[in-house]
Number of protein chains: 2
Amino acid sequence: MKKTNPTSSGAFARSPCPVACVLDIIGDKWTLLVVRDLFAGKRTYGEFQASFEKIPTNILAERLKRLIEYEIIVKSPYQQRPVRYEYVLTTKGKELGPILKAMAQWGEKHIPGSKAISKW
Amino acid sequence: MKKTNPTSSGAFARSPCPVACVLDIIGDKWTLLVVRDLFAGKRTYGEFQASFEKIPTNILAERLKRLIEYEIIVKSPYQQRPVRYEYVLTTKGKELGPILKAMAQWGEKHIPGSKAISKW
DNA sequence: CCGGATCCGGTCTGATACTG
DNA sequence: CAGTATCAGACCGGATCCGG
């Protein structure tokens, strides 16, 4: 088993452009939304699912795997019987903050009605 | 005829989160790549197509339309007989610069081998 | 119940061919 | 050169199913 290649990830892997490479990792509708939730303090599968945008469960599971592979988050049990997992941003993951911040600022300025959680 | 709904755009339009709204506009593999090219000085359809990542022609045409709708770029003829068009960033479009810059910085730091064009 | 895996129809992508 | 048309296959998203 090699790839299963979710979200056509890897297409730009050899691009010399860092923007293209980054888009290969986070360039889809859902990934950054999960990262946003992590910045907002959410940590569990259920919390991600409960977000306003209603990410489908299979997509969420896939994106979490991807984020782990890229070492943007780590998964660890925080409770036994029943076992529960939490997802936490790594240092590398936290450094995505400026991207989210830039997006939020652009959105707040150009999309009426949007209001940031200002927690990046 | 209303829909054609490219790239499932509009799904997050009513989200209160600016990040989600922005991802609705630029949250796909190709859109920001075109914007990147614009920042890099490219202006014509052919120049976008010639980029390293080889965007499919139908996708390019669709994304350009979207960017025009969102007033991120404008299209105008710069030559007659034969007529030639150029695409130029609006002020709103240029303000996407910080997002690209943040992505480029993250990419340069975390993806070995990538080198920015440093022109944001 | 919670955290996911699986199934499946419909939509979108992307390669190629075609047109002005 | 600047797109439009076409079409198979990949992917999304909703529903459902399953293990602990």
# chains A, B, ... in the order shown; residues from 1 in each chain; ligands from 1
>>> calpha_fit_and_write(fixed="chain B", moving="chain A", output="CSV table (one decimal) with N, CA and C atoms, in the first residue's frame")
chain,number,residue,atom,x,y,z
A,1,MET,N,-29.6,30.9,-16.4
A,1,MET,CA,-28.3,30.4,-15.9
A,1,MET,C,-27.9,31.0,-14.6
A,2,LYS,N,-27.7,30.2,-13.7
A,2,LYS,CA,-27.3,30.8,-12.4
A,2,LYS,C,-25.9,30.5,-12.0
A,3,LYS,N,-25.6,29.3,-11.7
A,3,LYS,CA,-24.3,29.1,-11.1
A,3,LYS,C,-23.3,28.3,-11.9
A,4,THR,N,-23.7,27.1,-12.3
A,4,THR,CA,-22.7,26.1,-12.8
A,4,THR,C,-21.7,25.7,-11.7
A,5,ASN,N,-21.8,26.5,-10.6
A,5,ASN,CA,-21.1,26.2,-9.4
A,5,ASN,C,-19.8,25.5,-9.5
A,6,PRO,N,-18.8,26.1,-10.1
A,6,PRO,CA,-17.5,25.5,-10.2
A,6,PRO,C,-16.8,25.3,-8.9
A,7,THR,N,-16.1,24.2,-8.8
A,7,THR,CA,-15.3,23.9,-7.6
A,7,THR,C,-16.1,24.0,-6.3
A,8,SER,N,-17.4,23.7,-6.4
A,8,SER,CA,-18.2,23.7,-5.3
A,8,SER,C,-18.1,25.0,-4.5
A,9,SER,N,-17.9,26.1,-5.2
A,9,SER,CA,-17.7,27.4,-4.6
A,9,SER,C,-19.1,27.8,-4.0
A,10,GLY,N,-19.0,28.4,-2.9
A,10,GLY,CA,-20.2,29.0,-2.3
A,10,GLY,C,-20.7,28.1,-1.1
A,11,ALA,N,-20.0,27.0,-0.9
A,11,ALA,CA,-20.5,26.1,0.2
A,11,ALA,C,-20.4,26.8,1.6
A,12,PHE,N,-19.4,27.6,1.7
A,12,PHE,CA,-19.1,28.2,3.0
A,12,PHE,C,-19.6,29.7,3.0
A,13,ALA,N,-20.3,30.1,2.0
A,13,ALA,CA,-20.6,31.5,1.8
A,13,ALA,C,-21.3,32.1,3.1
A,14,ARG,N,-22.0,31.3,3.8
A,14,ARG,CA,-22.7,31.8,4.9
A,14,ARG,C,-22.0,31.5,6.3
A,15,SER,N,-20.9,31.0,6.2
A,15,SER,CA,-20.1,30.8,7.4
A,15,SER,C,-19.7,32.1,8.0
A,16,PRO,N,-19.9,32.2,9.4
A,16,PRO,CA,-19.5,33.4,10.0
A,16,PRO,C,-18.0,33.6,10.1
A,17,CYS,N,-17.2,32.5,9.7
A,17,CYS,CA,-15.8,32.6,9.8
A,17,CYS,C,-15.1,33.1,8.5
A,18,PRO,N,-14.3,34.2,8.7
A,18,PRO,CA,-13.7,34.7,7.5
A,18,PRO,C,-12.8,33.7,6.8
A,19,VAL,N,-12.1,32.9,7.6
A,19,VAL,CA,-11.2,31.9,7.0
A,19,VAL,C,-12.0,31.0,6.1
A,20,ALA,N,-13.2,30.5,6.5
A,20,ALA,CA,-14.0,29.6,5.7
A,20,ALA,C,-14.4,30.3,4.4
A,21,CYS,N,-14.9,31.6,4.6
A,21,CYS,CA,-15.3,32.4,3.4
A,21,CYS,C,-14.2,32.5,2.4
A,22,VAL,N,-13.0,32.8,2.9
A,22,VAL,CA,-11.9,33.0,2.0
A,22,VAL,C,-11.5,31.7,1.3
A,23,LEU,N,-11.6,30.6,2.1
A,23,LEU,CA,-11.3,29.3,1.5
A,23,LEU,C,-12.3,28.9,0.4
A,24,ASP,N,-13.5,29.5,0.5
A,24,ASP,CA,-14.5,29.3,-0.5
A,24,ASP,C,-14.1,29.9,-1.8
A,25,ILE,N,-13.3,30.9,-1.7
A,25,ILE,CA,-12.9,31.6,-2.9
A,25,ILE,C,-11.6,31.1,-3.5
A,26,ILE,N,-10.6,30.9,-2.6
A,26,ILE,CA,-9.3,30.6,-3.0
A,26,ILE,C,-8.8,29.2,-2.5
A,27,GLY,N,-9.8,28.5,-1.9
A,27,GLY,CA,-9.4,27.2,-1.3
A,27,GLY,C,-9.4,26.0,-2.3
A,28,ASP,N,-8.5,26.1,-3.2
A,28,ASP,CA,-8.3,24.9,-4.1
A,28,ASP,C,-6.9,25.0,-4.6
A,29,LYS,N,-6.5,24.0,-5.3
A,29,LYS,CA,-5.1,23.8,-5.7
A,29,LYS,C,-4.7,24.9,-6.7
A,30,TRP,N,-5.5,25.4,-7.6
A,30,TRP,CA,-5.1,26.2,-8.7
A,30,TRP,C,-5.2,27.7,-8.5
A,31,THR,N,-6.3,28.2,-7.9
A,31,THR,CA,-6.6,29.6,-7.8
A,31,THR,C,-5.4,30.4,-7.3
A,32,LEU,N,-4.8,30.1,-6.2
A,32,LEU,CA,-3.7,30.9,-5.7
A,32,LEU,C,-2.5,30.8,-6.5
A,33,LEU,N,-2.4,29.7,-7.3
A,33,LEU,CA,-1.2,29.6,-8.2
A,33,LEU,C,-1.3,30.6,-9.3
A,34,VAL,N,-2.5,30.8,-9.8
A,34,VAL,CA,-2.7,31.9,-10.8
A,34,VAL,C,-2.4,33.2,-10.2
A,35,VAL,N,-2.9,33.5,-9.0
A,35,VAL,CA,-2.6,34.7,-8.3
A,35,VAL,C,-1.1,34.9,-8.1
A,36,ARG,N,-0.4,33.8,-7.7
A,36,ARG,CA,1.0,33.9,-7.6
A,36,ARG,C,1.7,34.3,-8.9
A,37,ASP,N,1.2,33.7,-10.0
A,37,ASP,CA,1.8,34.1,-11.3
A,37,ASP,C,1.5,35.6,-11.6
A,38,LEU,N,0.4,36.1,-11.2
A,38,LEU,CA,0.1,37.5,-11.4
A,38,LEU,C,1.1,38.4,-10.6
A,39,PHE,N,1.3,37.9,-9.4
A,39,PHE,CA,2.3,38.7,-8.6
A,39,PHE,C,3.7,38.6,-9.2
A,40,ALA,N,3.9,37.5,-9.9
A,40,ALA,CA,5.2,37.3,-10.5
A,40,ALA,C,5.4,38.0,-11.8
A,41,GLY,N,4.3,38.7,-12.2
A,41,GLY,CA,4.4,39.5,-13.4
A,41,GLY,C,3.8,38.9,-14.7
A,42,LYS,N,3.2,37.8,-14.5
A,42,LYS,CA,2.6,37.2,-15.7
A,42,LYS,C,1.2,37.8,-15.9
A,43,ARG,N,0.8,37.9,-17.1
A,43,ARG,CA,-0.5,38.6,-17.4
A,43,ARG,C,-1.4,37.9,-18.4
A,44,THR,N,-0.9,37.1,-19.2
A,44,THR,CA,-1.7,36.5,-20.3
A,44,THR,C,-2.0,35.0,-20.0
A,45,TYR,N,-3.1,34.6,-20.7
A,45,TYR,CA,-3.5,33.2,-20.6
A,45,TYR,C,-2.4,32.2,-20.9
A,46,GLY,N,-1.7,32.5,-21.9
A,46,GLY,CA,-0.6,31.7,-22.3
A,46,GLY,C,0.5,31.6,-21.3
A,47,GLU,N,0.8,32.7,-20.6
A,47,GLU,CA,1.8,32.7,-19.6
A,47,GLU,C,1.4,31.9,-18.4
A,48,PHE,N,0.1,31.9,-18.0
A,48,PHE,CA,-0.4,31.1,-16.9
A,48,PHE,C,-0.3,29.6,-17.3
A,49,GLN,N,-0.6,29.3,-18.5
A,49,GLN,CA,-0.6,27.9,-18.9
A,49,GLN,C,0.9,27.4,-18.9
A,50,ALA,N,1.8,28.3,-19.2
A,50,ALA,CA,3.2,27.8,-19.3
A,50,ALA,C,3.9,27.6,-18.0
A,51,SER,N,3.2,27.9,-16.9
A,51,SER,CA,3.8,27.7,-15.6
A,51,SER,C,4.2,26.3,-15.3
A,52,PHE,N,5.1,26.1,-14.4
A,52,PHE,CA,5.6,24.8,-14.1
A,52,PHE,C,4.6,23.8,-13.8
A,53,GLU,N,3.5,24.2,-13.1
A,53,GLU,CA,2.6,23.2,-12.6
A,53,GLU,C,1.6,22.8,-13.7
A,54,LYS,N,1.6,23.4,-14.8
A,54,LYS,CA,0.8,23.0,-16.0
A,54,LYS,C,-0.7,22.8,-15.7
A,55,ILE,N,-1.3,24.0,-15.4
A,55,ILE,CA,-2.7,24.0,-15.2
A,55,ILE,C,-3.5,23.6,-16.5
A,56,PRO,N,-4.5,22.7,-16.3
A,56,PRO,CA,-5.3,22.4,-17.5
A,56,PRO,C,-6.1,23.6,-18.0
A,57,THR,N,-6.2,23.7,-19.3
A,57,THR,CA,-6.8,24.9,-19.9
A,57,THR,C,-8.2,25.2,-19.5
A,58,ASN,N,-9.0,24.1,-19.3
A,58,ASN,CA,-10.4,24.4,-18.9
A,58,ASN,C,-10.4,24.9,-17.4
A,59,ILE,N,-9.6,24.4,-16.6
A,59,ILE,CA,-9.5,24.8,-15.2
A,59,ILE,C,-9.0,26.3,-15.2
A,60,LEU,N,-8.1,26.6,-16.0
A,60,LEU,CA,-7.6,28.0,-16.0
A,60,LEU,C,-8.6,29.0,-16.4
A,61,ALA,N,-9.4,28.6,-17.5
A,61,ALA,CA,-10.4,29.5,-17.9
A,61,ALA,C,-11.5,29.7,-16.8
A,62,GLU,N,-11.8,28.7,-16.2
A,62,GLU,CA,-12.8,28.7,-15.1
A,62,GLU,C,-12.3,29.6,-13.9
A,63,ARG,N,-11.1,29.4,-13.5
A,63,ARG,CA,-10.6,30.1,-12.4
A,63,ARG,C,-10.4,31.6,-12.7
A,64,LEU,N,-10.1,31.9,-13.9
A,64,LEU,CA,-10.0,33.3,-14.3
A,64,LEU,C,-11.3,34.0,-14.2
A,65,LYS,N,-12.4,33.3,-14.7
A,65,LYS,CA,-13.7,33.8,-14.6
A,65,LYS,C,-14.1,34.1,-13.1
A,66,ARG,N,-13.8,33.1,-12.3
A,66,ARG,CA,-14.1,33.2,-10.8
A,66,ARG,C,-13.4,34.4,-10.2
A,67,LEU,N,-12.1,34.6,-10.6
A,67,LEU,CA,-11.3,35.7,-10.0
A,67,LEU,C,-11.9,37.0,-10.5
A,68,ILE,N,-12.4,37.1,-11.7
A,68,ILE,CA,-13.0,38.3,-12.2
A,68,ILE,C,-14.3,38.5,-11.4
A,69,GLU,N,-15.1,37.5,-11.2
A,69,GLU,CA,-16.4,37.7,-10.5
A,69,GLU,C,-16.1,38.2,-9.1
A,70,TYR,N,-15.1,37.7,-8.5
A,70,TYR,CA,-14.8,38.2,-7.1
A,70,TYR,C,-14.0,39.5,-7.1
A,71,GLU,N,-13.8,40.0,-8.3
A,71,GLU,CA,-13.1,41.3,-8.4
A,71,GLU,C,-11.7,41.3,-7.8
A,72,ILE,N,-11.1,40.1,-8.1
A,72,ILE,CA,-9.7,40.0,-7.6
A,72,ILE,C,-8.8,40.3,-8.8
A,73,ILE,N,-9.3,40.1,-10.0
A,73,ILE,CA,-8.6,40.5,-11.2
A,73,ILE,C,-9.5,41.2,-12.2
A,74,VAL,N,-9.0,41.9,-13.1
A,74,VAL,CA,-9.8,42.5,-14.2
A,74,VAL,C,-9.1,42.0,-15.6
A,75,LYS,N,-10.0,41.9,-16.6
A,75,LYS,CA,-9.5,41.5,-17.9
A,75,LYS,C,-9.7,42.6,-18.8
A,76,SER,N,-8.7,42.9,-19.6
A,76,SER,CA,-8.8,44.0,-20.6
A,76,SER,C,-8.0,43.7,-21.8
A,77,PRO,N,-8.4,44.1,-23.0
A,77,PRO,CA,-7.6,44.0,-24.2
A,77,PRO,C,-6.5,44.9,-24.2
A,78,TYR,N,-5.3,44.5,-24.6
A,78,TYR,CA,-4.2,45.4,-24.6
A,78,TYR,C,-3.6,45.5,-26.0
A,79,GLN,N,-4.3,44.9,-26.9
A,79,GLN,CA,-3.9,44.9,-28.3
A,79,GLN,C,-5.0,44.5,-29.3
A,80,GLN,N,-5.1,45.1,-30.4
A,80,GLN,CA,-6.1,44.8,-31.4
A,80,GLN,C,-5.4,44.1,-32.6
A,81,ARG,N,-6.2,43.3,-33.3
A,81,ARG,CA,-5.8,42.7,-34.5
A,81,ARG,C,-4.5,42.0,-34.5
A,82,PRO,N,-4.3,40.9,-33.9
A,82,PRO,CA,-5.4,40.2,-33.3
A,82,PRO,C,-5.6,40.7,-31.9
A,83,VAL,N,-6.8,40.6,-31.3
A,83,VAL,CA,-7.1,41.1,-30.0
A,83,VAL,C,-6.4,40.2,-29.0
A,84,ARG,N,-5.8,40.8,-28.0
A,84,ARG,CA,-5.1,40.0,-27.0
A,84,ARG,C,-5.5,40.6,-25.6
A,85,TYR,N,-5.7,39.7,-24.7
A,85,TYR,CA,-6.2,40.1,-23.4
A,85,TYR,C,-5.1,40.0,-22.3
A,86,GLU,N,-5.2,40.9,-21.3
A,86,GLU,CA,-4.3,40.7,-20.2
A,86,GLU,C,-5.2,40.7,-18.9
A,87,TYR,N,-4.7,40.0,-17.9
A,87,TYR,CA,-5.3,40.0,-16.6
A,87,TYR,C,-4.5,40.7,-15.6
A,88,VAL,N,-5.1,41.6,-14.8
A,88,VAL,CA,-4.3,42.4,-13.9
A,88,VAL,C,-5.0,42.3,-12.5
A,89,LEU,N,-4.2,42.3,-11.5
A,89,LEU,CA,-4.8,42.3,-10.1
A,89,LEU,C,-5.4,43.6,-9.8
A,90,THR,N,-6.5,43.5,-9.1
A,90,THR,CA,-7.2,44.7,-8.6
A,90,THR,C,-6.5,45.0,-7.2
A,91,THR,N,-6.9,46.1,-6.6
A,91,THR,CA,-6.4,46.4,-5.3
A,91,THR,C,-6.7,45.3,-4.3
A,92,LYS,N,-8.0,44.8,-4.4
A,92,LYS,CA,-8.4,43.7,-3.6
A,92,LYS,C,-7.6,42.5,-3.9
A,93,GLY,N,-7.2,42.3,-5.1
A,93,GLY,CA,-6.4,41.1,-5.4
A,93,GLY,C,-5.0,41.3,-4.9
A,94,LYS,N,-4.4,42.5,-5.0
A,94,LYS,CA,-3.1,42.7,-4.5
A,94,LYS,C,-3.0,42.5,-3.0
A,95,GLU,N,-4.1,42.7,-2.3
A,95,GLU,CA,-4.1,42.5,-0.9
A,95,GLU,C,-4.1,41.0,-0.5
A,96,LEU,N,-4.1,40.1,-1.5
A,96,LEU,CA,-3.9,38.7,-1.2
A,96,LEU,C,-2.4,38.4,-1.0
A,97,GLY,N,-1.6,39.4,-1.3
A,97,GLY,CA,-0.1,39.3,-1.1
A,97,GLY,C,0.3,38.7,0.2
A,98,PRO,N,-0.2,39.2,1.3
A,98,PRO,CA,0.2,38.7,2.6
A,98,PRO,C,0.0,37.2,2.8
A,99,ILE,N,-1.1,36.7,2.2
A,99,ILE,CA,-1.4,35.3,2.3
A,99,ILE,C,-0.4,34.5,1.5
A,100,LEU,N,-0.1,34.9,0.3
A,100,LEU,CA,1.0,34.2,-0.5
A,100,LEU,C,2.3,34.3,0.2
A,101,LYS,N,2.6,35.5,0.8
A,101,LYS,CA,3.9,35.7,1.5
A,101,LYS,C,4.0,34.7,2.7
A,102,ALA,N,2.9,34.6,3.4
A,102,ALA,CA,2.9,33.7,4.6
A,102,ALA,C,3.1,32.2,4.1
A,103,MET,N,2.4,31.9,3.0
A,103,MET,CA,2.6,30.5,2.5
A,103,MET,C,4.0,30.3,2.1
A,104,ALA,N,4.6,31.2,1.3
A,104,ALA,CA,5.9,31.1,0.8
A,104,ALA,C,6.9,30.9,2.0
A,105,GLN,N,6.7,31.7,3.0
A,105,GLN,CA,7.7,31.6,4.1
A,105,GLN,C,7.6,30.3,4.8
A,106,TRP,N,6.4,29.8,5.0
A,106,TRP,CA,6.2,28.5,5.6
A,106,TRP,C,6.8,27.4,4.8
A,107,GLY,N,6.6,27.5,3.5
A,107,GLY,CA,7.1,26.5,2.5
A,107,GLY,C,8.6,26.5,2.5
A,108,GLU,N,9.2,27.7,2.5
A,108,GLU,CA,10.7,27.8,2.4
A,108,GLU,C,11.3,27.2,3.7
A,109,LYS,N,10.6,27.4,4.8
A,109,LYS,CA,11.1,26.9,6.0
A,109,LYS,C,10.9,25.4,6.2
A,110,HIS,N,9.8,24.9,5.8
A,110,HIS,CA,9.5,23.5,6.1
A,110,HIS,C,9.6,22.5,4.9
A,111,ILE,N,9.7,23.1,3.7
A,111,ILE,CA,9.8,22.2,2.5
A,111,ILE,C,11.2,22.3,1.9
A,112,PRO,N,12.0,21.4,2.1
A,112,PRO,CA,13.4,21.5,1.6
A,112,PRO,C,13.4,21.6,0.0
A,113,GLY,N,14.2,22.5,-0.5
A,113,GLY,CA,14.3,22.6,-1.9
A,113,GLY,C,13.4,23.6,-2.6
A,114,SER,N,12.5,24.2,-1.8
A,114,SER,CA,11.7,25.2,-2.4
A,114,SER,C,12.3,26.6,-2.2
A,115,LYS,N,12.1,27.4,-3.2
A,115,LYS,CA,12.8,28.7,-3.2
A,115,LYS,C,11.8,29.8,-3.7
A,116,ALA,N,11.5,30.7,-2.9
A,116,ALA,CA,10.5,31.7,-3.3
A,116,ALA,C,11.0,32.7,-4.4
A,117,ILE,N,10.1,33.3,-5.1
A,117,ILE,CA,10.4,34.3,-6.1
A,117,ILE,C,10.5,35.7,-5.4
A,118,SER,N,10.2,35.7,-4.2
A,118,SER,CA,10.3,36.9,-3.4
A,118,SER,C,9.8,38.2,-4.1
A,119,LYS,N,8.6,38.2,-4.4
A,119,LYS,CA,8.1,39.4,-5.1
A,119,LYS,C,6.7,39.8,-4.6
A,120,TRP,N,6.3,39.3,-3.5
A,120,TRP,CA,5.0,39.6,-3.0
A,120,TRP,C,5.1,41.0,-2.5
>>> interface_residues(of="chain D", to="chain A", cutoff="10 Å", atoms="only C-alpha atoms (C1' of nucleotides)", output="PyMOL selection string")
chain D and resi 10-14+20
>>> atom_distance(atom1="C1' of DA5 (chain D)", atom2="C1' of DG9 (chain C)")
24.3 Å
>>> atom_distance(atom1="C1' of DA15 (chain D)", atom2="C1' of DG3 (chain C)")
16.4 Å
>>> interface_residues(of="chain C", to="chain B", cutoff="12 Å", atoms="only C-alpha atoms (C1' of nucleotides)", output="NGL selection string")
:C and (11-16 or 20)
>>> select_by_dssp(residues="region 47-83 of chain A", states="strand (DSSP E or B)", output="list in words")
Ile73, Val74, Lys75, Ser76, Pro77, Tyr78 and Gln79 of chain A
>>> write_last_selection(atoms="C-alpha atoms", output="PDB file, in the first residue's frame")
ATOM      1  CA  ILE A  73      -0.523  17.708  14.212  1.00  0.00           C
ATOM      2  CA  VAL A  74      -0.004  14.790  16.560  1.00  0.00           C
ATOM      3  CA  LYS A  75      -2.605  12.399  17.886  1.00  0.00           C
ATOM      4  CA  SER A  76      -2.541  11.050  21.397  1.00  0.00           C
ATOM      5  CA  PRO A  77      -4.899   9.394  23.852  1.00  0.00           C
ATOM      6  CA  TYR A  78      -5.843  11.631  26.743  1.00  0.00           C
ATOM      7  CA  GLN A  79      -8.164   9.225  28.476  1.00  0.00           C
TER       8      GLN A  79
END
>>> select_by_dssp(residues="region 44-97 of chain A", states="alpha helix (DSSP H)", output="list in words")
Tyr45, Gly46, Glu47, Phe48, Gln49, Thr57, Asn58, Ile59, Leu60, Ala61, Glu62, Arg63, Leu64, Lys65, Arg66, Leu67, Ile68, Glu69, Thr91, Lys92, Gly93, Lys94 and Gly97 of chain A
>>> atom_distance(atom1="C1' of DC17 (chain D)", atom2="C1' of DC7 (chain C)")
9.4 Å
